[in-house]
$ cat coords23.cif   # mmCIF, N, CA and C atoms
data_structure
loop_
_atom_site.label_atom_id
_atom_site.label_comp_id
_atom_site.auth_asym_id
_atom_site.auth_seq_id
_atom_site.Cartn_x
_atom_site.Cartn_y
_atom_site.Cartn_z
N MET A 1 92.68 106.19 84.16
CA MET A 1 93.12 105.20 85.11
C MET A 1 93.28 103.82 84.47
N ALA A 2 93.58 103.82 83.19
CA ALA A 2 93.80 102.56 82.50
C ALA A 2 94.98 101.79 83.10
N ARG A 3 95.99 102.52 83.51
CA ARG A 3 97.16 101.87 84.13
C ARG A 3 96.75 101.14 85.40
N LEU A 4 95.91 101.75 86.20
CA LEU A 4 95.43 101.13 87.43
C LEU A 4 94.68 99.84 87.12
N ALA A 5 93.81 99.88 86.15
CA ALA A 5 93.03 98.69 85.79
C ALA A 5 93.95 97.57 85.30
N SER A 6 95.01 97.93 84.59
CA SER A 6 95.91 96.90 84.06
C SER A 6 96.71 96.19 85.15
N LEU A 7 96.83 96.80 86.32
CA LEU A 7 97.57 96.18 87.43
C LEU A 7 96.78 95.09 88.13
N GLN A 8 95.48 95.09 87.98
CA GLN A 8 94.58 94.10 88.58
C GLN A 8 94.84 93.88 90.07
N PRO A 9 94.81 94.96 90.85
CA PRO A 9 95.07 94.82 92.29
C PRO A 9 93.86 94.23 93.02
N ALA A 10 94.14 93.61 94.15
CA ALA A 10 93.07 93.15 95.03
C ALA A 10 92.49 94.33 95.80
N ILE A 11 93.35 95.29 96.14
CA ILE A 11 92.95 96.45 96.94
C ILE A 11 93.62 97.69 96.38
N VAL A 12 92.85 98.77 96.23
CA VAL A 12 93.37 100.07 95.80
C VAL A 12 93.24 101.02 96.98
N VAL A 13 94.36 101.68 97.32
CA VAL A 13 94.37 102.54 98.49
C VAL A 13 94.92 103.92 98.13
N PRO A 14 94.11 104.96 98.24
CA PRO A 14 94.66 106.30 98.06
C PRO A 14 95.47 106.69 99.30
N ILE A 15 96.57 107.36 99.09
CA ILE A 15 97.36 107.86 100.21
C ILE A 15 96.53 108.94 100.91
N PRO A 16 96.34 108.81 102.23
CA PRO A 16 95.54 109.81 102.94
C PRO A 16 96.31 111.12 103.12
N VAL A 17 95.58 112.19 103.29
CA VAL A 17 96.19 113.47 103.60
C VAL A 17 96.00 113.75 105.09
N THR A 18 96.79 114.67 105.60
CA THR A 18 96.69 115.03 107.01
C THR A 18 95.40 115.82 107.26
N ALA A 19 95.03 115.90 108.51
CA ALA A 19 93.86 116.69 108.90
C ALA A 19 94.06 118.16 108.53
N ASN A 20 95.29 118.66 108.69
CA ASN A 20 95.58 120.05 108.31
C ASN A 20 95.38 120.28 106.82
N THR A 21 95.79 119.32 106.01
CA THR A 21 95.61 119.44 104.57
C THR A 21 94.12 119.45 104.22
N MET A 22 93.35 118.61 104.89
CA MET A 22 91.91 118.59 104.62
C MET A 22 91.27 119.92 104.98
N VAL A 23 91.72 120.53 106.07
CA VAL A 23 91.17 121.83 106.46
C VAL A 23 91.58 122.90 105.44
N THR A 24 92.85 122.90 105.06
CA THR A 24 93.36 123.90 104.13
C THR A 24 92.79 123.74 102.73
N ARG A 25 92.86 122.52 102.21
CA ARG A 25 92.47 122.26 100.83
C ARG A 25 91.00 121.89 100.71
N GLY A 26 90.51 121.17 101.70
CA GLY A 26 89.11 120.78 101.69
C GLY A 26 88.80 119.47 101.00
N PHE A 27 89.82 118.82 100.45
CA PHE A 27 89.62 117.55 99.76
C PHE A 27 90.95 116.82 99.62
N ASN A 28 90.86 115.53 99.32
CA ASN A 28 92.04 114.73 98.99
C ASN A 28 91.99 114.51 97.49
N GLN A 29 92.90 115.12 96.76
CA GLN A 29 92.86 115.05 95.30
C GLN A 29 92.98 113.62 94.77
N VAL A 30 93.63 112.74 95.50
CA VAL A 30 93.78 111.36 95.05
C VAL A 30 92.43 110.64 95.06
N THR A 31 91.66 110.83 96.12
CA THR A 31 90.35 110.17 96.15
C THR A 31 89.43 110.73 95.09
N GLY A 32 89.67 111.95 94.65
CA GLY A 32 88.90 112.52 93.55
C GLY A 32 89.13 111.81 92.24
N TRP A 33 90.32 111.26 92.04
CA TRP A 33 90.63 110.54 90.81
C TRP A 33 90.06 109.14 90.81
N LEU A 34 89.95 108.58 91.99
CA LEU A 34 89.52 107.19 92.09
C LEU A 34 88.02 107.13 92.33
N SER A 35 87.35 106.36 91.54
CA SER A 35 85.91 106.21 91.77
C SER A 35 85.65 105.14 92.82
N ASP A 36 86.67 104.32 93.09
CA ASP A 36 86.44 103.18 93.98
C ASP A 36 87.63 102.90 94.90
N GLY A 37 88.22 103.94 95.49
CA GLY A 37 89.30 103.71 96.44
C GLY A 37 88.78 102.97 97.65
N GLU A 38 89.52 101.99 98.11
CA GLU A 38 89.03 101.13 99.18
C GLU A 38 89.53 101.54 100.55
N ASN A 39 90.18 102.68 100.65
CA ASN A 39 90.64 103.14 101.95
C ASN A 39 89.52 103.93 102.61
N SER A 40 88.81 103.28 103.47
CA SER A 40 87.73 103.95 104.21
C SER A 40 88.22 104.37 105.58
N GLY A 41 89.40 104.93 105.63
CA GLY A 41 89.93 105.40 106.89
C GLY A 41 90.81 104.42 107.63
N TRP A 42 91.06 103.24 107.07
CA TRP A 42 91.88 102.27 107.80
C TRP A 42 93.37 102.54 107.64
N LEU A 43 93.78 103.23 106.58
CA LEU A 43 95.15 103.76 106.48
C LEU A 43 94.99 105.25 106.72
N LYS A 44 95.62 105.73 107.79
CA LYS A 44 95.45 107.15 108.08
C LYS A 44 96.76 107.74 108.55
N THR A 45 96.82 109.06 108.49
CA THR A 45 98.01 109.75 108.98
C THR A 45 97.91 109.85 110.50
N LYS A 46 99.05 109.70 111.13
CA LYS A 46 99.10 109.86 112.58
C LYS A 46 98.88 111.34 112.90
N HIS A 47 98.34 111.60 114.06
CA HIS A 47 98.13 112.98 114.48
C HIS A 47 99.49 113.62 114.71
N GLN A 48 99.77 114.66 113.96
CA GLN A 48 101.01 115.41 114.13
C GLN A 48 100.66 116.87 114.29
N THR A 49 101.16 117.49 115.33
CA THR A 49 100.74 118.86 115.62
C THR A 49 101.37 119.88 114.69
N LYS A 50 102.68 119.90 114.55
CA LYS A 50 103.32 120.92 113.72
C LYS A 50 104.14 120.26 112.62
N ALA A 51 103.54 119.35 111.91
CA ALA A 51 104.25 118.67 110.83
C ALA A 51 104.49 119.64 109.67
N VAL A 52 105.69 119.60 109.14
CA VAL A 52 106.03 120.40 107.97
C VAL A 52 105.63 119.60 106.74
N PRO A 53 104.87 120.19 105.81
CA PRO A 53 104.47 119.46 104.61
C PRO A 53 105.69 118.98 103.82
N GLN A 54 105.57 117.81 103.20
CA GLN A 54 106.67 117.26 102.41
C GLN A 54 107.13 118.25 101.34
N SER A 55 106.20 118.98 100.77
CA SER A 55 106.53 119.93 99.69
C SER A 55 107.45 121.05 100.15
N GLN A 56 107.54 121.27 101.45
CA GLN A 56 108.39 122.33 101.98
C GLN A 56 109.72 121.80 102.52
N LYS A 57 109.97 120.50 102.36
CA LYS A 57 111.21 119.91 102.84
C LYS A 57 112.18 119.67 101.69
N LYS A 58 113.45 119.73 101.99
CA LYS A 58 114.47 119.34 101.01
C LYS A 58 114.57 117.82 101.00
N ARG A 59 115.24 117.28 100.00
CA ARG A 59 115.32 115.83 99.79
C ARG A 59 115.77 115.08 101.05
N GLN A 60 116.85 115.50 101.69
CA GLN A 60 117.38 114.79 102.85
C GLN A 60 116.37 114.76 103.99
N ALA A 61 115.69 115.87 104.21
CA ALA A 61 114.69 115.93 105.27
C ALA A 61 113.52 115.00 104.96
N ARG A 62 113.14 114.90 103.69
CA ARG A 62 112.07 113.99 103.29
C ARG A 62 112.45 112.54 103.58
N LEU A 63 113.68 112.20 103.25
CA LEU A 63 114.14 110.82 103.44
C LEU A 63 114.22 110.44 104.91
N LEU A 64 114.38 111.42 105.79
CA LEU A 64 114.48 111.16 107.23
C LEU A 64 113.13 111.24 107.95
N THR A 65 112.07 111.49 107.22
CA THR A 65 110.75 111.61 107.82
C THR A 65 110.35 110.30 108.50
N PRO A 66 109.91 110.36 109.76
CA PRO A 66 109.46 109.12 110.43
C PRO A 66 108.13 108.64 109.86
N GLN A 67 107.79 107.40 110.15
CA GLN A 67 106.55 106.78 109.67
C GLN A 67 105.34 107.67 110.00
N PRO A 68 104.66 108.21 108.98
CA PRO A 68 103.53 109.10 109.25
C PRO A 68 102.18 108.38 109.28
N PHE A 69 102.16 107.09 108.95
CA PHE A 69 100.90 106.37 108.82
C PHE A 69 100.69 105.33 109.92
N GLU A 70 99.42 104.99 110.09
CA GLU A 70 99.06 103.89 110.99
C GLU A 70 97.82 103.22 110.41
N LEU A 71 97.61 101.96 110.79
CA LEU A 71 96.42 101.23 110.36
C LEU A 71 95.45 101.15 111.52
N THR A 72 94.18 101.29 111.20
CA THR A 72 93.15 101.10 112.21
C THR A 72 92.67 99.65 112.11
N GLY A 73 91.95 99.19 113.08
CA GLY A 73 91.47 97.81 113.10
C GLY A 73 90.38 97.52 112.09
N ALA A 74 89.84 98.53 111.44
CA ALA A 74 88.69 98.34 110.55
C ALA A 74 89.09 98.03 109.11
N GLY A 75 90.36 97.76 108.86
CA GLY A 75 90.81 97.54 107.49
C GLY A 75 90.53 96.16 106.96
N PRO A 76 90.74 95.99 105.66
CA PRO A 76 90.52 94.69 105.03
C PRO A 76 91.63 93.70 105.41
N ASP A 77 91.38 92.44 105.16
CA ASP A 77 92.40 91.42 105.35
C ASP A 77 93.41 91.58 104.22
N LEU A 78 94.64 91.91 104.54
CA LEU A 78 95.68 92.14 103.54
C LEU A 78 96.46 90.89 103.19
N THR A 79 96.22 89.81 103.89
CA THR A 79 97.00 88.59 103.73
C THR A 79 97.07 88.14 102.28
N ALA A 80 98.30 88.07 101.77
CA ALA A 80 98.61 87.56 100.43
C ALA A 80 97.93 88.34 99.32
N LYS A 81 97.61 89.61 99.57
CA LYS A 81 96.95 90.44 98.56
C LYS A 81 97.95 91.38 97.89
N THR A 82 97.64 91.76 96.66
CA THR A 82 98.38 92.80 95.97
C THR A 82 97.64 94.11 96.19
N VAL A 83 98.37 95.09 96.69
CA VAL A 83 97.78 96.39 97.02
C VAL A 83 98.42 97.45 96.13
N VAL A 84 97.61 98.32 95.57
CA VAL A 84 98.12 99.46 94.82
C VAL A 84 97.87 100.72 95.64
N LEU A 85 98.95 101.44 95.92
CA LEU A 85 98.88 102.72 96.61
C LEU A 85 98.87 103.82 95.56
N VAL A 86 97.93 104.74 95.65
CA VAL A 86 97.83 105.82 94.67
C VAL A 86 98.09 107.15 95.36
N ASP A 87 99.03 107.92 94.80
CA ASP A 87 99.38 109.22 95.34
C ASP A 87 99.44 110.23 94.20
N ASP A 88 99.49 111.50 94.54
CA ASP A 88 99.51 112.52 93.51
C ASP A 88 100.89 112.73 92.89
N VAL A 89 101.91 112.92 93.73
CA VAL A 89 103.25 113.24 93.23
C VAL A 89 104.29 112.33 93.86
N TYR A 90 105.22 111.84 93.03
CA TYR A 90 106.35 111.05 93.49
C TYR A 90 107.57 111.95 93.41
N THR A 91 108.17 112.24 94.55
CA THR A 91 109.39 113.05 94.55
C THR A 91 110.55 112.16 94.98
N THR A 92 110.58 111.78 96.25
CA THR A 92 111.62 110.87 96.74
C THR A 92 111.08 109.45 96.89
N GLY A 93 109.76 109.30 96.88
CA GLY A 93 109.15 108.00 97.08
C GLY A 93 108.93 107.65 98.54
N ARG A 94 109.30 108.55 99.43
CA ARG A 94 109.24 108.25 100.86
C ARG A 94 107.81 108.02 101.35
N THR A 95 106.85 108.79 100.87
CA THR A 95 105.47 108.61 101.31
C THR A 95 104.95 107.23 100.95
N ILE A 96 105.15 106.84 99.70
CA ILE A 96 104.68 105.51 99.27
C ILE A 96 105.45 104.41 100.00
N ARG A 97 106.75 104.59 100.20
CA ARG A 97 107.52 103.57 100.91
C ARG A 97 107.04 103.38 102.34
N HIS A 98 106.73 104.49 103.01
CA HIS A 98 106.20 104.37 104.38
C HIS A 98 104.89 103.58 104.38
N ALA A 99 103.97 103.95 103.52
CA ALA A 99 102.68 103.25 103.47
C ALA A 99 102.88 101.79 103.06
N ALA A 100 103.75 101.53 102.10
CA ALA A 100 104.01 100.16 101.64
C ALA A 100 104.61 99.31 102.76
N ASP A 101 105.55 99.86 103.50
CA ASP A 101 106.15 99.12 104.62
C ASP A 101 105.08 98.67 105.60
N LEU A 102 104.20 99.57 105.95
CA LEU A 102 103.14 99.26 106.91
C LEU A 102 102.19 98.20 106.37
N ILE A 103 101.83 98.30 105.12
CA ILE A 103 100.91 97.34 104.50
C ILE A 103 101.58 95.96 104.37
N LEU A 104 102.85 95.94 103.99
CA LEU A 104 103.58 94.66 103.89
C LEU A 104 103.74 94.01 105.27
N GLU A 105 104.01 94.82 106.30
CA GLU A 105 104.13 94.30 107.66
C GLU A 105 102.82 93.66 108.14
N ASN A 106 101.73 94.04 107.51
CA ASN A 106 100.42 93.53 107.90
C ASN A 106 99.89 92.48 106.94
N GLY A 107 100.80 91.84 106.20
CA GLY A 107 100.45 90.64 105.46
C GLY A 107 100.29 90.71 103.97
N ALA A 108 100.36 91.89 103.36
CA ALA A 108 100.20 91.97 101.91
C ALA A 108 101.32 91.20 101.21
N LYS A 109 100.99 90.62 100.07
CA LYS A 109 101.98 89.90 99.26
C LYS A 109 102.88 90.90 98.55
N SER A 110 102.28 91.95 97.99
CA SER A 110 103.06 92.96 97.29
C SER A 110 102.31 94.28 97.30
N VAL A 111 103.09 95.35 97.13
CA VAL A 111 102.53 96.70 97.07
C VAL A 111 103.12 97.40 95.85
N ILE A 112 102.27 98.00 95.08
CA ILE A 112 102.67 98.74 93.89
C ILE A 112 102.31 100.21 94.11
N GLY A 113 103.22 101.11 93.81
CA GLY A 113 102.93 102.53 93.92
C GLY A 113 102.57 103.09 92.56
N LEU A 114 101.54 103.90 92.51
CA LEU A 114 101.09 104.54 91.26
C LEU A 114 100.87 106.01 91.56
N THR A 115 101.53 106.89 90.80
CA THR A 115 101.37 108.32 91.02
C THR A 115 101.01 109.01 89.70
N LEU A 116 100.38 110.17 89.84
CA LEU A 116 100.02 110.95 88.66
C LEU A 116 101.24 111.64 88.06
N ALA A 117 102.12 112.16 88.91
CA ALA A 117 103.27 112.91 88.42
C ALA A 117 104.53 112.53 89.19
N ARG A 118 105.63 112.75 88.50
CA ARG A 118 106.93 112.53 89.14
C ARG A 118 107.77 113.75 88.94
#
$ encode --input "coords23.cif" --output "structure tokens"
Amino acid sequence: MARLASLQPAIVVPIPVTANTMVTRGFNQVTGWLSDGENSGWLKTKHQTKAVPQSQKKRQARLLTPQPFELTGAGPDLTAKTVVLVDDVYTTGRTIRHAADLILENGAKSVIGLTLAR
């Protein structure tokens, strides 16, 4: 995670997984990489009953995916902060863009996406 340290973010946020993913997989692989992710549930996935996983969608369907995230009131003050979003795989960038849009709308100065694989 040398790249993460070199970015010197004010806040590091792992992209959350859905409740279904947690049941199926049992863990969020992104939080496993981070020893100090600061997302304690304030960025979360919206409850979706029959959501199709991004990995099973074609590019166009991924790009049309509606905002899957929401912020809870328990989050940090994002005002004028640099936030790094960490995810496992970058395919179309839609997941990180959705999370970044929400974080920027809530006052962050900038958002940087960092992924393990592309």
$ closest_residue --input "coords23.cif" --among "A:Ala61, A:Leu43, A:Leu4, A:Val111" --to "A:Pro76" --atoms "only N, CA and C atoms"
A:Leu43
$ atom_distance --input "coords23.cif" --atom1 "atom CA of A:His98" --atom2 "atom CA of A:Lys57"
16.4 Å
$ residues_around --input "coords23.cif" --residues "A:Leu71" --least-positions-apart "2" --cutoff "6.5 Å" --atoms "all atoms listed in the file" --output "PyMOL selection string"
chain A and resi 42-44+69+73-74
$ residues_around --input "coords23.cif" --residues "A:Ala108" --least-positions-apart "6" --cutoff "5 Å" --atoms "only N, CA and C atoms" --output "PyMOL selection string"
chain A and resi 78-81
$ closest_residue --input "coords23.cif" --among "A:Ala100, A:Leu63, A:Thr45, A:Ser110" --to "A:Pro9" --atoms "only C-alpha atoms"
A:Ser110
$ closest_residue --input "coords23.cif" --among "A:Thr115, A:Thr31, A:Thr21, A:Gln67" --to "A:Val84" --atoms "only C-alpha atoms"
A:Thr115
$ closest_residue --input "coords23.cif" --among "A:Asp77, A:Ala2, A:Arg94, A:Phe27" --to "A:Leu64" --atoms "only N, CA and C atoms"
A:Arg94
$ select_by_dssp --input "coords23.cif" --residues "chain A" --states "helix (DSSP H, G or I)" --output "ChimeraX atom specification"
/A:2-7,19-25,29-33,54-56,59-63,94-105
$ closest_residue --input "coords23.cif" --among "A:Gly41, A:Leu7, A:Gln56, A:Leu104" --to "A:Gly75" --atoms "only N, CA and C atoms"
A:Gly41
$ resolve_selection --input "coords23.cif" --expression "the PyMOL selection byres ((chain A and resi 113) around 7)" --output "ChimeraX atom specification"
/A:83-87,96,111-112,114-115
$ atom_distance --input "coords23.cif" --atom1 "atom N of A:Glu70" --atom2 "atom CA of A:Ile15"
10.5 Å
$ atom_distance --input "coords23.cif" --atom1 "atom CA of A:Ile11" --atom2 "atom CA of A:Leu34"
12.3 Å
$ residues_near_point --input "coords23.cif" --point "(101.2, 113.1, 92.5)" --cutoff "6 Å" --atoms "only C-alpha atoms" --output "number ranges by chain"
A: 87-90, 115-117
$ select_by_dssp --input "coords23.cif" --residues "stretch 85-117 of chain A" --states "strand (DSSP E or B)" --output "list of chain:residue names"
A:Leu85, A:Val86, A:Asp87, A:Asp88, A:Val89, A:Ser110, A:Val111, A:Ile112, A:Gly113, A:Leu114, A:Thr115, A:Leu116, A:Ala117
$ decode --input "coords23.cif" --residues "stretch 81-92 of chain A" --atoms "all heavy atoms" --output "CSV table (one decimal), in the first residue's frame"
chain,number,residue,atom,x,y,z
A,81,LYS,N,-11.7,18.1,2.2
A,81,LYS,CA,-10.8,17.0,2.5
A,81,LYS,C,-10.5,16.3,1.2
A,81,LYS,O,-11.4,16.3,0.3
A,81,LYS,CB,-11.4,16.1,3.5
A,81,LYS,CG,-11.8,16.7,4.8
A,81,LYS,CD,-10.8,16.3,5.9
A,81,LYS,CE,-11.0,17.0,7.2
A,81,LYS,NZ,-12.2,16.8,7.9
A,82,THR,N,-9.4,15.7,1.1
A,82,THR,CA,-9.0,14.8,0.0
A,82,THR,C,-9.4,13.3,0.5
A,82,THR,O,-8.9,12.9,1.6
A,82,THR,CB,-7.5,14.8,-0.3
A,82,THR,OG1,-7.3,16.2,-0.8
A,82,THR,CG2,-7.2,13.8,-1.4
A,83,VAL,N,-10.2,12.7,-0.3
A,83,VAL,CA,-10.6,11.3,0.1
A,83,VAL,C,-10.1,10.3,-1.0
A,83,VAL,O,-10.2,10.6,-2.2
A,83,VAL,CB,-12.2,11.2,0.1
A,83,VAL,CG1,-12.7,9.8,0.4
A,83,VAL,CG2,-12.7,12.2,1.1
A,84,VAL,N,-9.6,9.2,-0.5
A,84,VAL,CA,-9.2,8.1,-1.4
A,84,VAL,C,-10.2,7.0,-1.2
A,84,VAL,O,-10.4,6.5,-0.1
A,84,VAL,CB,-7.7,7.6,-1.1
A,84,VAL,CG1,-7.4,6.4,-1.9
A,84,VAL,CG2,-6.7,8.7,-1.4
A,85,LEU,N,-10.8,6.6,-2.3
A,85,LEU,CA,-11.7,5.5,-2.4
A,85,LEU,C,-10.9,4.3,-2.9
A,85,LEU,O,-10.2,4.3,-3.9
A,85,LEU,CB,-12.8,5.7,-3.4
A,85,LEU,CG,-13.8,6.8,-3.0
A,85,LEU,CD1,-14.7,7.1,-4.2
A,85,LEU,CD2,-14.6,6.3,-1.8
A,86,VAL,N,-11.0,3.2,-2.1
A,86,VAL,CA,-10.2,2.0,-2.5
A,86,VAL,C,-11.2,0.8,-2.9
A,86,VAL,O,-12.1,0.5,-2.1
A,86,VAL,CB,-9.3,1.5,-1.3
A,86,VAL,CG1,-8.5,0.3,-1.7
A,86,VAL,CG2,-8.4,2.6,-0.8
A,87,ASP,N,-10.9,0.3,-4.0
A,87,ASP,CA,-11.8,-0.8,-4.5
A,87,ASP,C,-10.9,-1.9,-5.0
A,87,ASP,O,-9.7,-1.7,-5.3
A,87,ASP,CB,-12.7,-0.3,-5.6
A,87,ASP,CG,-14.0,-1.2,-5.8
A,87,ASP,OD1,-14.1,-2.2,-5.1
A,87,ASP,OD2,-14.8,-0.9,-6.7
A,88,ASP,N,-11.5,-3.1,-5.3
A,88,ASP,CA,-10.7,-4.2,-5.8
A,88,ASP,C,-10.4,-4.2,-7.2
A,88,ASP,O,-9.2,-4.3,-7.7
A,88,ASP,CB,-11.3,-5.6,-5.4
A,88,ASP,CG,-12.7,-5.7,-5.9
A,88,ASP,OD1,-13.3,-4.7,-6.4
A,88,ASP,OD2,-13.3,-6.9,-5.8
A,89,VAL,N,-11.4,-4.0,-8.1
A,89,VAL,CA,-11.2,-4.0,-9.5
A,89,VAL,C,-11.9,-2.8,-10.2
A,89,VAL,O,-13.0,-2.4,-9.8
A,89,VAL,CB,-11.9,-5.3,-10.1
A,89,VAL,CG1,-11.8,-5.4,-11.6
A,89,VAL,CG2,-11.3,-6.6,-9.5
A,90,TYR,N,-11.1,-2.2,-11.1
A,90,TYR,CA,-11.6,-1.1,-12.0
A,90,TYR,C,-11.9,-1.7,-13.3
A,90,TYR,O,-11.0,-2.2,-14.0
A,90,TYR,CB,-10.6,0.0,-12.1
A,90,TYR,CG,-11.0,1.2,-12.9
A,90,TYR,CD1,-11.4,2.3,-12.2
A,90,TYR,CD2,-11.0,1.2,-14.2
A,90,TYR,CE1,-11.7,3.5,-12.9
A,90,TYR,CE2,-11.4,2.3,-15.0
A,90,TYR,CZ,-11.7,3.4,-14.3
A,90,TYR,OH,-12.1,4.5,-15.0
A,91,THR,N,-13.2,-1.7,-13.7
A,91,THR,CA,-13.6,-2.1,-15.0
A,91,THR,C,-14.1,-0.9,-15.9
A,91,THR,O,-13.4,-0.5,-16.7
A,91,THR,CB,-14.7,-3.2,-15.0
A,91,THR,OG1,-14.3,-4.3,-14.1
A,91,THR,CG2,-15.0,-3.8,-16.3
A,92,THR,N,-15.2,-0.4,-15.5
A,92,THR,CA,-15.7,0.8,-16.2
A,92,THR,C,-15.5,2.1,-15.4
A,92,THR,O,-15.6,3.2,-15.9
A,92,THR,CB,-17.2,0.7,-16.5
A,92,THR,OG1,-17.9,0.6,-15.3
A,92,THR,CG2,-17.5,-0.5,-17.4
